[in-house]
Amino acid sequence: GLRRGDRIVSVDSVRIHNWNQMVREISKTNGQSVDLTYERNDKLSRISIKPRLVTQAGQKRYLLGIEQYSVTSGSLKARFSYAFSSFFDGSTAIWRALGNLILHPSLNQLGGPVMIAKTTNQAVNNGFFSLVSLTALLSLNIGIFNLIPIPVLDGGKLLLNLIEAIRGKPLKDRTNQTVLLISVVFMILLMIAVTINDLLR
């Protein structure tokens with residue numbers, strides 16, 4: 001019953017702000033019927049739809065059979081709104097993933113060069129817009145990852161600067177070098193472990 005141009009307002013009473021959020025809410029249903037509130041010609045309507053289980057690129061997902069309307073067809077205001085909402089949604093998703101990784105450590109939650117290459121190939125097959133979105137998400141991911149308080153990263157340098165500010169004096173050169181060396185070894189071992197895990201998957 002949905003038509004081209006309909007705007008999804010909510011999924012099971014959860015207000016929807018962008019496409020990625022809608023996909024997440026639909027995936028939470030595990031195949032149960034969802035109540036969609038949508039806007040058409042300035043009128044709100046509600047419809048109940050049962051998602052269908054589909055296997056894509058080896059992954060099982062629940063889909064409704066709808067596609068995202070091209071953002072390039074909207075007004076300039078709509079494009080800016082989409083850009084900021086996507087940025088906020090992507091940022092919060094990455095922070096949630098990092099938090100989950102700390103609470104439930106697992107190499108399966110990480111992806112290295114092999115996984116990035118595989119994901120990029122899938123994005124290329126899905127079209128230009130998908131590839132641009134992935135590129136933006138990877139850039140955002142790297143920026144946020146760089147803030148993790150590991151000395152070899154910028155977040156670690158900020159942490160060391162904060163420690164020095166609290167102490168009121170700089171750390172010894174030997175201490176700095178030791179901490180840096182340990183963090184470099186840790187990052188290298190992590191990269192090797194993630195790459196091996198990607199290949200095994």
# chains A, B, ... in the order shown; residues from 1 in each chain; ligands from 1
>>> closest_atom_pairs(of="stretch 56-162 of chain A", to="stretch 9-33 of chain A", cutoff="7 Å", atoms="only C-alpha atoms", output="JSON lines")
{"residue": "A:Arg61", "atom": "CA", "partner": "A:Ser27", "partner_atom": "CA", "distance": 7.0}
{"residue": "A:Tyr62", "atom": "CA", "partner": "A:Ser27", "partner_atom": "CA", "distance": 5.8}
{"residue": "A:Gln68", "atom": "CA", "partner": "A:Trp19", "partner_atom": "CA", "distance": 6.9}
{"residue": "A:Ser85", "atom": "CA", "partner": "A:Asn18", "partner_atom": "CA", "distance": 6.8}
{"residue": "A:Ser86", "atom": "CA", "partner": "A:Asn18", "partner_atom": "CA", "distance": 6.9}
>>> closest_atom_pairs(of="stretch 74-165 of chain A", to="stretch 189-199 of chain A", cutoff="10 Å", atoms="only C-alpha atoms", output="CSV")
residue,atom,partner,partner_atom,distance
A:Ser106,CA,A:Val194,CA,10.0
A:Leu107,CA,A:Val194,CA,6.2
A:Asn108,CA,A:Asn197,CA,7.3
A:Gln109,CA,A:Val194,CA,9.4
A:Leu110,CA,A:Val194,CA,6.6
A:Gly111,CA,A:Val194,CA,6.3
A:Gly112,CA,A:Thr195,CA,5.5
A:Pro113,CA,A:Thr195,CA,7.0
A:Val114,CA,A:Asp198,CA,6.1
A:Met115,CA,A:Asp198,CA,6.1
A:Ile116,CA,A:Asp198,CA,9.7
A:Lys118,CA,A:Asp198,CA,9.8
>>> select_by_dssp(residues="chain A", states="strand (DSSP E or B)", output="PyMOL selection string")
chain A and resi 7-11+14-15+34-40+43-49+52-56+59-63
>>> closest_atom_pairs(of="stretch 64-154 of chain A", to="stretch 163-181 of chain A", cutoff="10 Å", atoms="only C-alpha atoms", output="JSON lines")
{"residue": "A:Ile150", "atom": "CA", "partner": "A:Leu180", "partner_atom": "CA", "distance": 8.7}
{"residue": "A:Pro151", "atom": "CA", "partner": "A:Leu180", "partner_atom": "CA", "distance": 5.7}
{"residue": "A:Val152", "atom": "CA", "partner": "A:Leu180", "partner_atom": "CA", "distance": 5.9}
{"residue": "A:Leu153", "atom": "CA", "partner": "A:Leu180", "partner_atom": "CA", "distance": 9.5}
>>> select_by_dssp(residues="stretch 4-199 of chain A", states="alpha helix (DSSP H)", output="ChimeraX atom specification")
/A:19-27,76-103,113-126,128-145,154-167,173-199
>>> write_last_selection(atoms="C-alpha atoms", output="mmCIF file, in the first residue's frame")
data_model
loop_
_atom_site.group_PDB
_atom_site.id
_atom_site.type_symbol
_atom_site.label_atom_id
_atom_site.label_comp_id
_atom_site.auth_asym_id
_atom_site.auth_seq_id
_atom_site.Cartn_x
_atom_site.Cartn_y
_atom_site.Cartn_z
ATOM 1 C CA TRP A 19 16.625 5.770 6.710
ATOM 2 C CA ASN A 20 19.273 4.031 8.855
ATOM 3 C CA GLN A 21 17.176 4.444 11.982
ATOM 4 C CA MET A 22 14.167 2.930 10.201
ATOM 5 C CA VAL A 23 16.247 -0.069 9.065
ATOM 6 C CA ARG A 24 17.368 -0.674 12.665
ATOM 7 C CA GLU A 25 13.829 -0.506 14.017
ATOM 8 C CA ILE A 26 12.533 -2.929 11.393
ATOM 9 C CA SER A 27 15.382 -5.380 12.100
ATOM 10 C CA LEU A 76 18.417 22.207 -0.396
ATOM 11 C CA LYS A 77 16.943 22.330 3.120
ATOM 12 C CA ALA A 78 16.058 18.625 2.932
ATOM 13 C CA ARG A 79 19.590 17.768 1.816
ATOM 14 C CA PHE A 80 21.174 19.673 4.722
ATOM 15 C CA SER A 81 18.709 18.114 7.141
ATOM 16 C CA TYR A 82 19.528 14.648 5.815
ATOM 17 C CA ALA A 83 23.276 15.312 6.038
ATOM 18 C CA PHE A 84 23.146 16.405 9.681
ATOM 19 C CA SER A 85 20.752 13.654 10.768
ATOM 20 C CA SER A 86 22.916 11.036 9.028
ATOM 21 C CA PHE A 87 26.041 12.446 10.684
ATOM 22 C CA PHE A 88 24.396 12.342 14.127
ATOM 23 C CA ASP A 89 22.975 8.852 13.542
ATOM 24 C CA GLY A 90 26.318 7.508 12.289
ATOM 25 C CA SER A 91 28.232 9.063 15.205
ATOM 26 C CA THR A 92 25.912 7.686 17.876
ATOM 27 C CA ALA A 93 25.950 4.245 16.228
ATOM 28 C CA ILE A 94 29.773 4.182 16.326
ATOM 29 C CA TRP A 95 29.864 5.257 19.994
ATOM 30 C CA ARG A 96 27.283 2.578 20.842
ATOM 31 C CA ALA A 97 29.392 -0.005 19.024
ATOM 32 C CA LEU A 98 32.499 1.063 20.965
ATOM 33 C CA GLY A 99 30.597 0.866 24.248
ATOM 34 C CA ASN A 100 29.317 -2.599 23.373
ATOM 35 C CA LEU A 101 32.856 -3.651 22.445
ATOM 36 C CA ILE A 102 34.116 -2.594 25.881
ATOM 37 C CA LEU A 103 31.289 -4.400 27.695
ATOM 38 C CA PRO A 113 41.338 -4.234 5.722
ATOM 39 C CA VAL A 114 39.809 -7.520 4.529
ATOM 40 C CA MET A 115 36.369 -6.666 5.928
ATOM 41 C CA ILE A 116 36.600 -3.100 4.601
ATOM 42 C CA ALA A 117 37.412 -4.455 1.118
ATOM 43 C CA LYS A 118 34.458 -6.871 1.283
ATOM 44 C CA THR A 119 32.070 -4.162 2.508
ATOM 45 C CA THR A 120 33.316 -1.731 -0.155
ATOM 46 C CA ASN A 121 32.671 -4.328 -2.853
ATOM 47 C CA GLN A 122 29.103 -4.744 -1.597
ATOM 48 C CA ALA A 123 28.638 -0.948 -1.565
ATOM 49 C CA VAL A 124 29.891 -0.696 -5.161
ATOM 50 C CA ASN A 125 27.360 -3.323 -6.222
ATOM 51 C CA ASN A 126 24.589 -1.383 -4.466
ATOM 52 C CA PHE A 128 27.088 5.159 -6.183
ATOM 53 C CA PHE A 129 25.027 6.547 -3.299
ATOM 54 C CA SER A 130 25.796 3.483 -1.193
ATOM 55 C CA LEU A 131 29.527 3.856 -1.882
ATOM 56 C CA VAL A 132 29.528 7.560 -0.950
ATOM 57 C CA SER A 133 27.624 6.760 2.265
ATOM 58 C CA LEU A 134 30.155 4.060 3.173
ATOM 59 C CA THR A 135 33.062 6.428 2.490
ATOM 60 C CA ALA A 136 31.517 9.046 4.781
ATOM 61 C CA LEU A 137 30.872 6.443 7.500
ATOM 62 C CA LEU A 138 34.458 5.139 7.297
ATOM 63 C CA SER A 139 35.823 8.701 7.622
ATOM 64 C CA LEU A 140 33.584 9.289 10.635
ATOM 65 C CA ASN A 141 34.606 5.935 12.105
ATOM 66 C CA ILE A 142 38.322 6.709 11.778
ATOM 67 C CA GLY A 143 37.835 10.154 13.331
ATOM 68 C CA ILE A 144 36.013 8.769 16.370
ATOM 69 C CA PHE A 145 38.341 5.747 16.698
ATOM 70 C CA ASP A 154 45.312 11.376 19.379
ATOM 71 C CA GLY A 155 42.939 10.399 22.195
ATOM 72 C CA GLY A 156 45.890 8.869 24.047
ATOM 73 C CA LYS A 157 47.972 12.011 23.579
ATOM 74 C CA LEU A 158 45.124 14.072 25.018
ATOM 75 C CA LEU A 159 44.978 11.684 27.995
ATOM 76 C CA LEU A 160 48.742 12.015 28.592
ATOM 77 C CA ASN A 161 48.459 15.815 28.371
ATOM 78 C CA LEU A 162 45.648 15.707 30.923
ATOM 79 C CA ILE A 163 47.735 13.538 33.263
ATOM 80 C CA GLU A 164 50.650 15.974 32.942
ATOM 81 C CA ALA A 165 48.306 18.909 33.639
ATOM 82 C CA ILE A 166 47.018 17.207 36.810
ATOM 83 C CA ARG A 167 50.548 16.321 37.943
ATOM 84 C CA ASP A 173 60.867 10.691 28.489
ATOM 85 C CA ARG A 174 61.462 7.052 29.384
ATOM 86 C CA THR A 175 57.881 6.726 30.649
ATOM 87 C CA ASN A 176 56.513 8.332 27.487
ATOM 88 C CA GLN A 177 58.566 6.036 25.261
ATOM 89 C CA THR A 178 57.556 2.919 27.216
ATOM 90 C CA VAL A 179 53.865 3.769 27.103
ATOM 91 C CA LEU A 180 54.098 4.581 23.375
ATOM 92 C CA LEU A 181 55.968 1.343 22.609
ATOM 93 C CA ILE A 182 53.416 -0.778 24.501
ATOM 94 C CA SER A 183 50.519 0.902 22.667
ATOM 95 C CA VAL A 184 52.192 0.425 19.256
ATOM 96 C CA VAL A 185 52.775 -3.290 19.953
ATOM 97 C CA PHE A 186 49.162 -3.606 21.140
ATOM 98 C CA MET A 187 47.807 -1.962 17.964
ATOM 99 C CA ILE A 188 49.967 -4.154 15.696
ATOM 100 C CA LEU A 189 48.897 -7.346 17.482
ATOM 101 C CA LEU A 190 45.263 -6.213 17.342
ATOM 102 C CA MET A 191 45.514 -5.541 13.597
ATOM 103 C CA ILE A 192 47.059 -8.972 12.985
ATOM 104 C CA ALA A 193 44.375 -10.693 15.091
ATOM 105 C CA VAL A 194 41.552 -8.807 13.346
ATOM 106 C CA THR A 195 42.948 -9.583 9.874
ATOM 107 C CA ILE A 196 43.307 -13.311 10.680
ATOM 108 C CA ASN A 197 39.768 -13.318 12.091
ATOM 109 C CA ASP A 198 38.470 -11.616 8.902
ATOM 110 C CA LEU A 199 40.128 -14.258 6.746
#
>>> atom_distance(atom1="atom CA of A:Leu63", atom2="atom CA of A:Ile49")
10.2 Å
>>> atom_distance(atom1="atom CA of A:Glu39", atom2="atom CA of A:Ser75")
17.4 Å
>>> closest_residue(among="A:Gly1, A:Arg201, A:Asn146, A:Lys60", to="A:Arg46", atoms="only C-alpha atoms")
A:Gly1
>>> decode(residues="stretch 74-147 of chain A", atoms="C-alpha atoms", output="PDB file, in the first residue's frame")
ATOM      1  CA  GLY A  74      14.769  16.998  -2.460  1.00  0.00           C
ATOM      2  CA  SER A  75      15.154  20.676  -1.650  1.00  0.00           C
ATOM      3  CA  LEU A  76      18.417  22.207  -0.396  1.00  0.00           C
ATOM      4  CA  LYS A  77      16.943  22.330   3.120  1.00  0.00           C
ATOM      5  CA  ALA A  78      16.058  18.625   2.932  1.00  0.00           C
ATOM      6  CA  ARG A  79      19.590  17.768   1.816  1.00  0.00           C
ATOM      7  CA  PHE A  80      21.174  19.673   4.722  1.00  0.00           C
ATOM      8  CA  SER A  81      18.709  18.114   7.141  1.00  0.00           C
ATOM      9  CA  TYR A  82      19.528  14.648   5.815  1.00  0.00           C
ATOM     10  CA  ALA A  83      23.276  15.312   6.038  1.00  0.00           C
ATOM     11  CA  PHE A  84      23.146  16.405   9.681  1.00  0.00           C
ATOM     12  CA  SER A  85      20.752  13.654  10.768  1.00  0.00           C
ATOM     13  CA  SER A  86      22.916  11.036   9.028  1.00  0.00           C
ATOM     14  CA  PHE A  87      26.041  12.446  10.684  1.00  0.00           C
ATOM     15  CA  PHE A  88      24.396  12.342  14.127  1.00  0.00           C
ATOM     16  CA  ASP A  89      22.975   8.852  13.542  1.00  0.00           C
ATOM     17  CA  GLY A  90      26.318   7.508  12.289  1.00  0.00           C
ATOM     18  CA  SER A  91      28.232   9.063  15.205  1.00  0.00           C
ATOM     19  CA  THR A  92      25.912   7.686  17.876  1.00  0.00           C
ATOM     20  CA  ALA A  93      25.950   4.245  16.228  1.00  0.00           C
ATOM     21  CA  ILE A  94      29.773   4.182  16.326  1.00  0.00           C
ATOM     22  CA  TRP A  95      29.864   5.257  19.994  1.00  0.00           C
ATOM     23  CA  ARG A  96      27.283   2.578  20.842  1.00  0.00           C
ATOM     24  CA  ALA A  97      29.392  -0.005  19.024  1.00  0.00           C
ATOM     25  CA  LEU A  98      32.499   1.063  20.965  1.00  0.00           C
ATOM     26  CA  GLY A  99      30.597   0.866  24.248  1.00  0.00           C
ATOM     27  CA  ASN A 100      29.317  -2.599  23.373  1.00  0.00           C
ATOM     28  CA  LEU A 101      32.856  -3.651  22.445  1.00  0.00           C
ATOM     29  CA  ILE A 102      34.116  -2.594  25.881  1.00  0.00           C
ATOM     30  CA  LEU A 103      31.289  -4.400  27.695  1.00  0.00           C
ATOM     31  CA  HIS A 104      31.382  -7.488  25.449  1.00  0.00           C
ATOM     32  CA  PRO A 105      34.884  -7.791  23.894  1.00  0.00           C
ATOM     33  CA  SER A 106      34.948  -9.880  20.711  1.00  0.00           C
ATOM     34  CA  LEU A 107      37.069  -9.851  17.560  1.00  0.00           C
ATOM     35  CA  ASN A 108      33.909 -10.563  15.563  1.00  0.00           C
ATOM     36  CA  GLN A 109      32.786  -6.996  16.313  1.00  0.00           C
ATOM     37  CA  LEU A 110      35.893  -5.596  14.602  1.00  0.00           C
ATOM     38  CA  GLY A 111      36.824  -5.444  10.935  1.00  0.00           C
ATOM     39  CA  GLY A 112      40.191  -4.842   9.317  1.00  0.00           C
ATOM     40  CA  PRO A 113      41.338  -4.234   5.722  1.00  0.00           C
ATOM     41  CA  VAL A 114      39.809  -7.520   4.529  1.00  0.00           C
ATOM     42  CA  MET A 115      36.369  -6.666   5.928  1.00  0.00           C
ATOM     43  CA  ILE A 116      36.600  -3.100   4.601  1.00  0.00           C
ATOM     44  CA  ALA A 117      37.412  -4.455   1.118  1.00  0.00           C
ATOM     45  CA  LYS A 118      34.458  -6.871   1.283  1.00  0.00           C
ATOM     46  CA  THR A 119      32.070  -4.162   2.508  1.00  0.00           C
ATOM     47  CA  THR A 120      33.316  -1.731  -0.155  1.00  0.00           C
ATOM     48  CA  ASN A 121      32.671  -4.328  -2.853  1.00  0.00           C
ATOM     49  CA  GLN A 122      29.103  -4.744  -1.597  1.00  0.00           C
ATOM     50  CA  ALA A 123      28.638  -0.948  -1.565  1.00  0.00           C
ATOM     51  CA  VAL A 124      29.891  -0.696  -5.161  1.00  0.00           C
ATOM     52  CA  ASN A 125      27.360  -3.323  -6.222  1.00  0.00           C
ATOM     53  CA  ASN A 126      24.589  -1.383  -4.466  1.00  0.00           C
ATOM     54  CA  GLY A 127      25.312   1.818  -6.404  1.00  0.00           C
ATOM     55  CA  PHE A 128      27.088   5.159  -6.183  1.00  0.00           C
ATOM     56  CA  PHE A 129      25.027   6.547  -3.299  1.00  0.00           C
ATOM     57  CA  SER A 130      25.796   3.483  -1.193  1.00  0.00           C
ATOM     58  CA  LEU A 131      29.527   3.856  -1.882  1.00  0.00           C
ATOM     59  CA  VAL A 132      29.528   7.560  -0.950  1.00  0.00           C
ATOM     60  CA  SER A 133      27.624   6.760   2.265  1.00  0.00           C
ATOM     61  CA  LEU A 134      30.155   4.060   3.173  1.00  0.00           C
ATOM     62  CA  THR A 135      33.062   6.428   2.490  1.00  0.00           C
ATOM     63  CA  ALA A 136      31.517   9.046   4.781  1.00  0.00           C
ATOM     64  CA  LEU A 137      30.872   6.443   7.500  1.00  0.00           C
ATOM     65  CA  LEU A 138      34.458   5.139   7.297  1.00  0.00           C
ATOM     66  CA  SER A 139      35.823   8.701   7.622  1.00  0.00           C
ATOM     67  CA  LEU A 140      33.584   9.289  10.635  1.00  0.00           C
ATOM     68  CA  ASN A 141      34.606   5.935  12.105  1.00  0.00           C
ATOM     69  CA  ILE A 142      38.322   6.709  11.778  1.00  0.00           C
ATOM     70  CA  GLY A 143      37.835  10.154  13.331  1.00  0.00           C
ATOM     71  CA  ILE A 144      36.013   8.769  16.370  1.00  0.00           C
ATOM     72  CA  PHE A 145      38.341   5.747  16.698  1.00  0.00           C
ATOM     73  CA  ASN A 146      41.271   8.185  16.797  1.00  0.00           C
ATOM     74  CA  LEU A 147      39.799   9.668  20.010  1.00  0.00           C
TER      75      LEU A 147
END
